[in-house]
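Q: One file is attached below, protein14.cif, containing mmCIF, C-alpha atoms.
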data_protein
#
loop_
_atom_site.label_atom_id
_atom_site.label_comp_id
_atom_site.auth_asym_id
_atom_site.auth_seq_id
_atom_site.Cartn_x
_atom_site.Cartn_y
_atom_site.Cartn_z
CA MET A 1 0.00 0.00 0.00
CA PHE A 2 1.85 3.13 1.19
CA GLY A 3 4.84 1.97 3.22
CA ARG A 4 7.64 -0.28 1.98
CA PRO A 5 9.07 -3.19 4.01
CA GLU A 6 12.67 -2.13 3.35
CA TRP A 7 12.07 1.04 5.41
CA PHE A 8 11.40 -1.02 8.56
CA GLY A 9 12.74 -3.74 10.76
CA ARG A 10 10.80 -6.15 12.95
CA ARG A 11 10.12 -4.81 16.44
CA LYS A 12 11.94 -7.29 18.64
CA TYR A 13 11.86 -5.65 22.07
CA GLY A 14 8.90 -3.95 23.66
CA GLY A 15 5.84 -5.25 21.87
CA TRP A 16 4.74 -5.85 18.32
CA GLY A 17 4.90 -3.77 15.16
CA LEU A 18 7.63 -2.11 13.14
CA SER A 19 10.81 -0.17 13.88
CA PRO A 20 11.80 2.44 11.28
CA LYS A 21 15.33 1.72 10.09
CA THR A 22 15.64 4.33 7.32
CA TRP A 23 14.70 8.01 7.08
CA GLN A 24 11.85 6.97 4.79
CA GLY A 25 10.45 4.85 7.63
CA TRP A 26 10.45 7.83 10.00
CA ALA A 27 8.92 10.04 7.30
CA TYR A 28 6.20 7.44 6.75
CA ILE A 29 5.31 7.42 10.48
CA LEU A 30 5.13 11.23 10.46
CA VAL A 31 3.06 11.40 7.28
CA MET A 32 0.62 8.76 8.54
CA ALA A 33 0.30 10.33 12.01
CA LEU A 34 -0.08 14.00 10.95
CA PRO A 35 -3.58 13.69 9.40
CA VAL A 36 -4.96 12.55 12.76
CA TYR A 37 -4.01 15.99 14.12
CA ALA A 38 -4.95 17.83 10.92
CA PHE A 39 -8.49 16.39 11.06
CA GLN A 40 -9.07 18.30 14.32
CA ALA A 41 -8.73 21.58 12.34
CA LEU A 42 -11.41 20.64 9.81
CA GLY A 43 -14.23 21.80 12.06
CA LEU A 44 -16.21 18.56 11.83
CA ASN A 45 -18.72 17.64 14.51
CA GLY A 46 -17.90 14.96 17.04
CA GLU A 47 -19.33 11.99 15.10
CA GLY A 48 -17.86 13.06 11.77
CA LEU A 49 -14.44 13.65 13.32
CA PHE A 50 -14.57 10.29 15.10
CA ALA A 51 -15.53 8.44 11.90
CA LEU A 52 -12.83 10.15 9.83
CA THR A 53 -10.14 9.55 12.45
CA LEU A 54 -11.20 5.92 12.87
CA ALA A 55 -11.15 5.35 9.09
CA TRP A 56 -7.64 6.82 8.80
CA ILE A 57 -6.35 4.76 11.74
CA ALA A 58 -7.86 1.62 10.15
CA ILE A 59 -6.01 2.38 6.87
CA PHE A 60 -2.78 2.95 8.87
CA ILE A 61 -3.16 -0.36 10.74
CA LEU A 62 -3.93 -2.28 7.53
CA ASP A 63 -0.82 -0.81 5.91
CA ILE A 64 1.31 -1.74 8.93
CA ILE A 65 -0.02 -5.32 8.75
CA ASP A 66 0.73 -5.41 5.01
CA ILE A 67 4.31 -4.21 5.62
CA MET A 68 4.82 -6.70 8.47
CA ALA A 69 3.63 -9.56 6.24
CA LYS A 70 6.15 -8.55 3.57
CA LEU A 71 9.13 -8.01 5.92
CA LYS A 72 12.00 -10.14 4.77
CA LYS A 73 13.34 -12.55 7.36
CA ASP A 74 16.00 -15.21 6.96
CA GLU A 75 15.60 -18.69 8.48
CA ARG A 76 17.39 -17.80 11.71
CA GLU A 77 15.23 -14.71 12.24
CA LYS A 78 12.08 -16.77 11.51
CA GLN A 79 13.13 -19.34 14.13
CA ILE A 80 13.83 -16.67 16.73
CA GLU A 81 10.55 -14.90 15.98
CA SER A 82 8.61 -18.21 16.19
CA LEU A 83 10.06 -19.03 19.60
CA ALA A 84 9.54 -15.49 20.91
CA GLU A 85 5.92 -15.47 19.75
CA ARG A 86 5.36 -18.93 21.25
CA ASN A 87 6.73 -17.83 24.64
CA SER A 88 4.62 -14.68 24.44
CA ALA A 89 1.49 -16.76 23.73
CA TRP A 90 2.20 -19.01 26.72
CA ALA A 91 2.61 -15.97 28.97
CA MET A 92 -0.67 -14.53 27.75
CA VAL A 93 -2.51 -17.85 28.19
CA ALA A 94 -1.13 -18.14 31.74
CA VAL A 95 -2.25 -14.63 32.70
CA ILE A 96 -5.67 -14.98 31.04
CA THR A 97 -6.26 -18.32 32.77
CA ALA A 98 -5.22 -16.81 36.10
CA GLY A 99 -7.57 -13.88 35.42
CA ILE A 100 -10.48 -16.20 34.68
CA GLY A 101 -9.69 -18.23 37.80
CA TYR A 102 -9.63 -15.08 39.92
CA GLN A 103 -12.91 -13.77 38.46
CA VAL A 104 -14.61 -17.16 38.94
CA SER A 105 -13.47 -17.29 42.57
CA GLN A 106 -14.70 -13.73 43.13
CA SER A 107 -18.03 -14.65 41.51
CA ILE A 108 -18.39 -17.55 43.96
CA VAL A 109 -17.38 -15.45 46.98
CA ASN A 110 -19.69 -12.58 46.05
CA ASN A 111 -22.45 -14.87 44.81
CA ALA A 112 -22.65 -12.75 41.68
CA TYR A 113 -21.42 -13.69 38.20
CA SER A 114 -18.66 -11.34 37.12
CA VAL A 115 -16.45 -13.11 34.63
CA ASP A 116 -15.30 -11.16 31.59
CA MET A 117 -16.39 -13.16 28.52
CA PHE A 118 -13.64 -11.56 26.45
CA LEU A 119 -11.11 -13.56 28.49
CA PHE A 120 -12.83 -16.82 27.48
CA ALA A 121 -13.09 -15.57 23.90
CA ALA A 122 -9.34 -14.82 23.88
CA LEU A 123 -8.50 -18.39 25.01
CA ILE A 124 -10.90 -19.93 22.49
CA ALA A 125 -9.55 -17.75 19.67
CA GLY A 126 -6.00 -18.73 20.57
CA ALA A 127 -6.87 -22.43 20.67
CA LEU A 128 -8.63 -22.23 17.30
CA VAL A 129 -5.72 -20.42 15.66
CA LYS A 130 -3.24 -22.93 17.10
CA GLY A 131 -5.31 -25.87 15.84
CA ALA A 132 -5.74 -24.37 12.39
CA THR A 133 -2.03 -23.54 12.12
CA ASN A 134 -1.02 -27.06 13.18
CA ALA A 135 -3.48 -28.62 10.71
CA TYR A 136 -2.26 -26.43 7.86
CA LEU A 137 1.46 -26.91 8.53
CA GLU A 138 1.15 -30.70 9.14
CA ARG A 139 -0.25 -31.06 5.62
CA ARG A 140 2.16 -28.65 4.05
CA MET A 141 5.45 -29.68 5.63
CA MET B 1 28.56 -27.55 14.41
CA LYS B 2 32.03 -26.32 13.50
CA THR B 3 32.47 -24.25 10.38
CA LYS B 4 35.29 -22.88 8.28
CA ILE B 5 33.11 -20.02 7.07
CA ALA B 6 35.23 -17.22 8.54
CA GLU B 7 38.47 -18.64 7.11
CA LEU B 8 36.98 -19.33 3.67
CA ARG B 9 35.22 -15.97 3.62
CA ARG B 10 38.48 -14.09 4.26
CA ALA B 11 40.24 -16.20 1.64
CA ALA B 12 37.52 -15.22 -0.84
CA GLY B 13 38.01 -11.55 0.06
CA LEU B 14 34.47 -11.12 1.35
CA THR B 15 33.21 -9.16 4.32
CA GLN B 16 30.49 -10.65 6.50
CA GLU B 17 28.04 -8.20 4.94
CA GLU B 18 28.98 -9.23 1.41
CA LEU B 19 28.68 -12.93 2.22
CA ALA B 20 25.33 -12.28 3.88
CA LYS B 21 24.03 -10.49 0.78
CA LYS B 22 25.19 -13.25 -1.55
CA ALA B 23 23.63 -15.96 0.66
CA ASP B 24 20.47 -13.87 1.15
CA VAL B 25 20.69 -13.82 4.94
CA THR B 26 21.47 -11.11 7.49
CA ARG B 27 24.97 -10.28 8.66
CA GLN B 28 23.92 -11.38 12.15
CA THR B 29 23.16 -14.86 10.80
CA ILE B 30 26.63 -15.05 9.24
CA ILE B 31 28.14 -14.01 12.59
CA SER B 32 26.13 -16.72 14.39
CA LEU B 33 27.20 -19.31 11.82
CA GLU B 34 30.88 -18.37 12.07
CA GLN B 35 30.75 -18.61 15.85
CA GLY B 36 29.04 -22.02 15.67
CA ARG B 37 25.99 -20.74 17.54
CA TYR B 38 23.52 -21.50 14.76
CA ASN B 39 23.05 -24.71 12.74
CA PRO B 40 21.82 -23.83 9.25
CA SER B 41 19.23 -25.70 7.24
CA LEU B 42 20.51 -27.93 4.44
CA LYS B 43 19.49 -25.34 1.87
CA LEU B 44 21.37 -22.53 3.61
CA ALA B 45 24.40 -24.79 4.09
CA TYR B 46 24.40 -25.55 0.36
CA ASP B 47 23.93 -21.86 -0.55
CA ILE B 48 26.85 -20.77 1.63
CA THR B 49 29.03 -23.58 0.28
CA LYS B 50 28.27 -22.44 -3.26
CA VAL B 51 28.95 -18.76 -2.48
CA LEU B 52 32.30 -19.68 -0.93
CA GLY B 53 33.23 -21.55 -4.08
CA LYS B 54 33.36 -25.01 -2.57
CA ARG B 55 31.84 -28.18 -4.03
CA HIS B 56 30.97 -30.08 -0.89
CA VAL B 57 29.13 -28.97 2.24
CA GLU B 58 31.67 -30.96 4.29
CA ASP B 59 34.37 -28.57 3.06
CA VAL B 60 32.61 -25.77 4.98
CA PHE B 61 30.67 -27.46 7.80
CA GLU B 62 31.73 -30.19 10.20
CA GLN B 63 29.76 -32.09 12.84
CA ASP B 64 31.03 -31.61 16.41
#
Using the file provided, produce a representation of the structure as structure tokens.

A:
Amino acid sequence: MFGRPEWFGRRKYGGWGLSPKTWQGWAYILVMALPVYAFQALGLNGEGLFALTLAWIAIFILDIIDIMAKLKKDEREKQIESLAERNSAWAMVAVITAGIGYQVSQSIVNNAYSVDMFLFAALIAGALVKGATNAYLERRM
Amino acid sequence: MKTKIAELRRAAGLTQEELAKKADVTRQTIISLEQGRYNPSLKLAYDITKVLGKRHVEDVFEQD
């Protein structure tokens, strides 16, 4: 779309996303971020401004995803990334499971259901993605 | 796995960056290979052997 993979490197430390590695990468971040501020000066009402800002952010996120999918990685980098993402997934599953356990125990103590369904949805989504990935790769490799 | 990559690379007059470009990997991967910290796939082993001008993978890589 707008950004090019050669302007960025994979973000390895401190979360997910891209790290600009050329001046074009930094210019891209600036150019994509500026409209969000420029929209404020257009004099739109609250709903219009919200919709426009949301649409621009959605385009930005889609472009970032497109760039990340096209980032070139050699076999060693792919292995490192796979292991890092696996460890990250295990950490998230552990915390989500602990969160569900805590909320269930609080529900029992307070005699009132208060478990966040998004936590269950996150675990189910993760399990589905893992199963689908295993099924796909088992056939392909 | 032991390798002779560093020695053969210098003999071929290549920097780590140049070898990395020719083998289509990063310089960091070449460094890891030279220090024996990373075991390459068969494909990468063959590619590096070819870039270094050798005929056999055993001329570049050796099992510990």

Q: Between atom CA of Arg10 of chain B and atom CA of Gly36 of chain B, what is the distance, to one decimal in Å?

A: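 Result for atom CA of Arg10 of chain B versus atom CA of Gly36 of chain B: 16.8 Å, one decimal.
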
Q: Just want the 12 Å neighbourhood of segment 99-107 of chain A, counted on all atoms listed in the file, with same-chain residues fewer than 3 positions away dropped. Output as a PyMOL selection string.

A: chain A and resi 92-96+110-123

Q: Hey, can you check how far atom CA of Arg11 of chain A sits from atom CA of Asp24 of chain B?

A: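 According to the coordinates, atom CA of Arg11 of chain A and atom CA of Asp24 of chain B are separated by 20.6 Å.
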
Q: Give the answer as one residue: which of B:Val57, B:Thr3, B:Gln35, B:Ile30 has the shortest atom-to-atom distance to Glu18 of chain B, using all atoms listed in the file?

A: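 Under the stated criterion, the closest residue is B:Ile30.
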
Q: Given a cut-off of 10 Å, which residues of chain B touch chain A, counting only C-alpha atoms, written out as a list of chain:residue names?

A: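 That gives B:Ala23, B:Asp24, B:Val25, B:Thr26, B:Gln28, B:Thr29, B:Ile30, B:Ser32, B:Leu33, B:Tyr38, B:Asn39, B:Pro40, B:Ser41, B:Leu44 for chain B.
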
Q: Those residues with C-alpha atoms, as a PDB file, keeping the file's coordinate frame please?

A:
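File result_15.pdb, as written:
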ATOM      1  CA  ALA B  23      23.630 -15.960   0.660  1.00  0.00           C
ATOM      2  CA  ASP B  24      20.470 -13.870   1.150  1.00  0.00           C
ATOM      3  CA  VAL B  25      20.690 -13.820   4.940  1.00  0.00           C
ATOM      4  CA  THR B  26      21.470 -11.110   7.490  1.00  0.00           C
ATOM      5  CA  GLN B  28      23.920 -11.380  12.150  1.00  0.00           C
ATOM      6  CA  THR B  29      23.160 -14.860  10.800  1.00  0.00           C
ATOM      7  CA  ILE B  30      26.630 -15.050   9.240  1.00  0.00           C
ATOM      8  CA  SER B  32      26.130 -16.720  14.390  1.00  0.00           C
ATOM      9  CA  LEU B  33      27.200 -19.310  11.820  1.00  0.00           C
ATOM     10  CA  TYR B  38      23.520 -21.500  14.760  1.00  0.00           C
ATOM     11  CA  ASN B  39      23.050 -24.710  12.740  1.00  0.00           C
ATOM     12  CA  PRO B  40      21.820 -23.830   9.250  1.00  0.00           C
ATOM     13  CA  SER B  41      19.230 -25.700   7.240  1.00  0.00           C
ATOM     14  CA  LEU B  44      21.370 -22.530   3.610  1.00  0.00           C
TER      15      LEU B  44
END

Q: Which residues are close to Val60 of chain B, i.e. within 9 Å by all atoms listed in the file, leaving aside same-chain residues fewer than 5 positions away? Reply as a PyMOL selection string.

A: chain B and resi 2-5+8+45+48-49+52+54
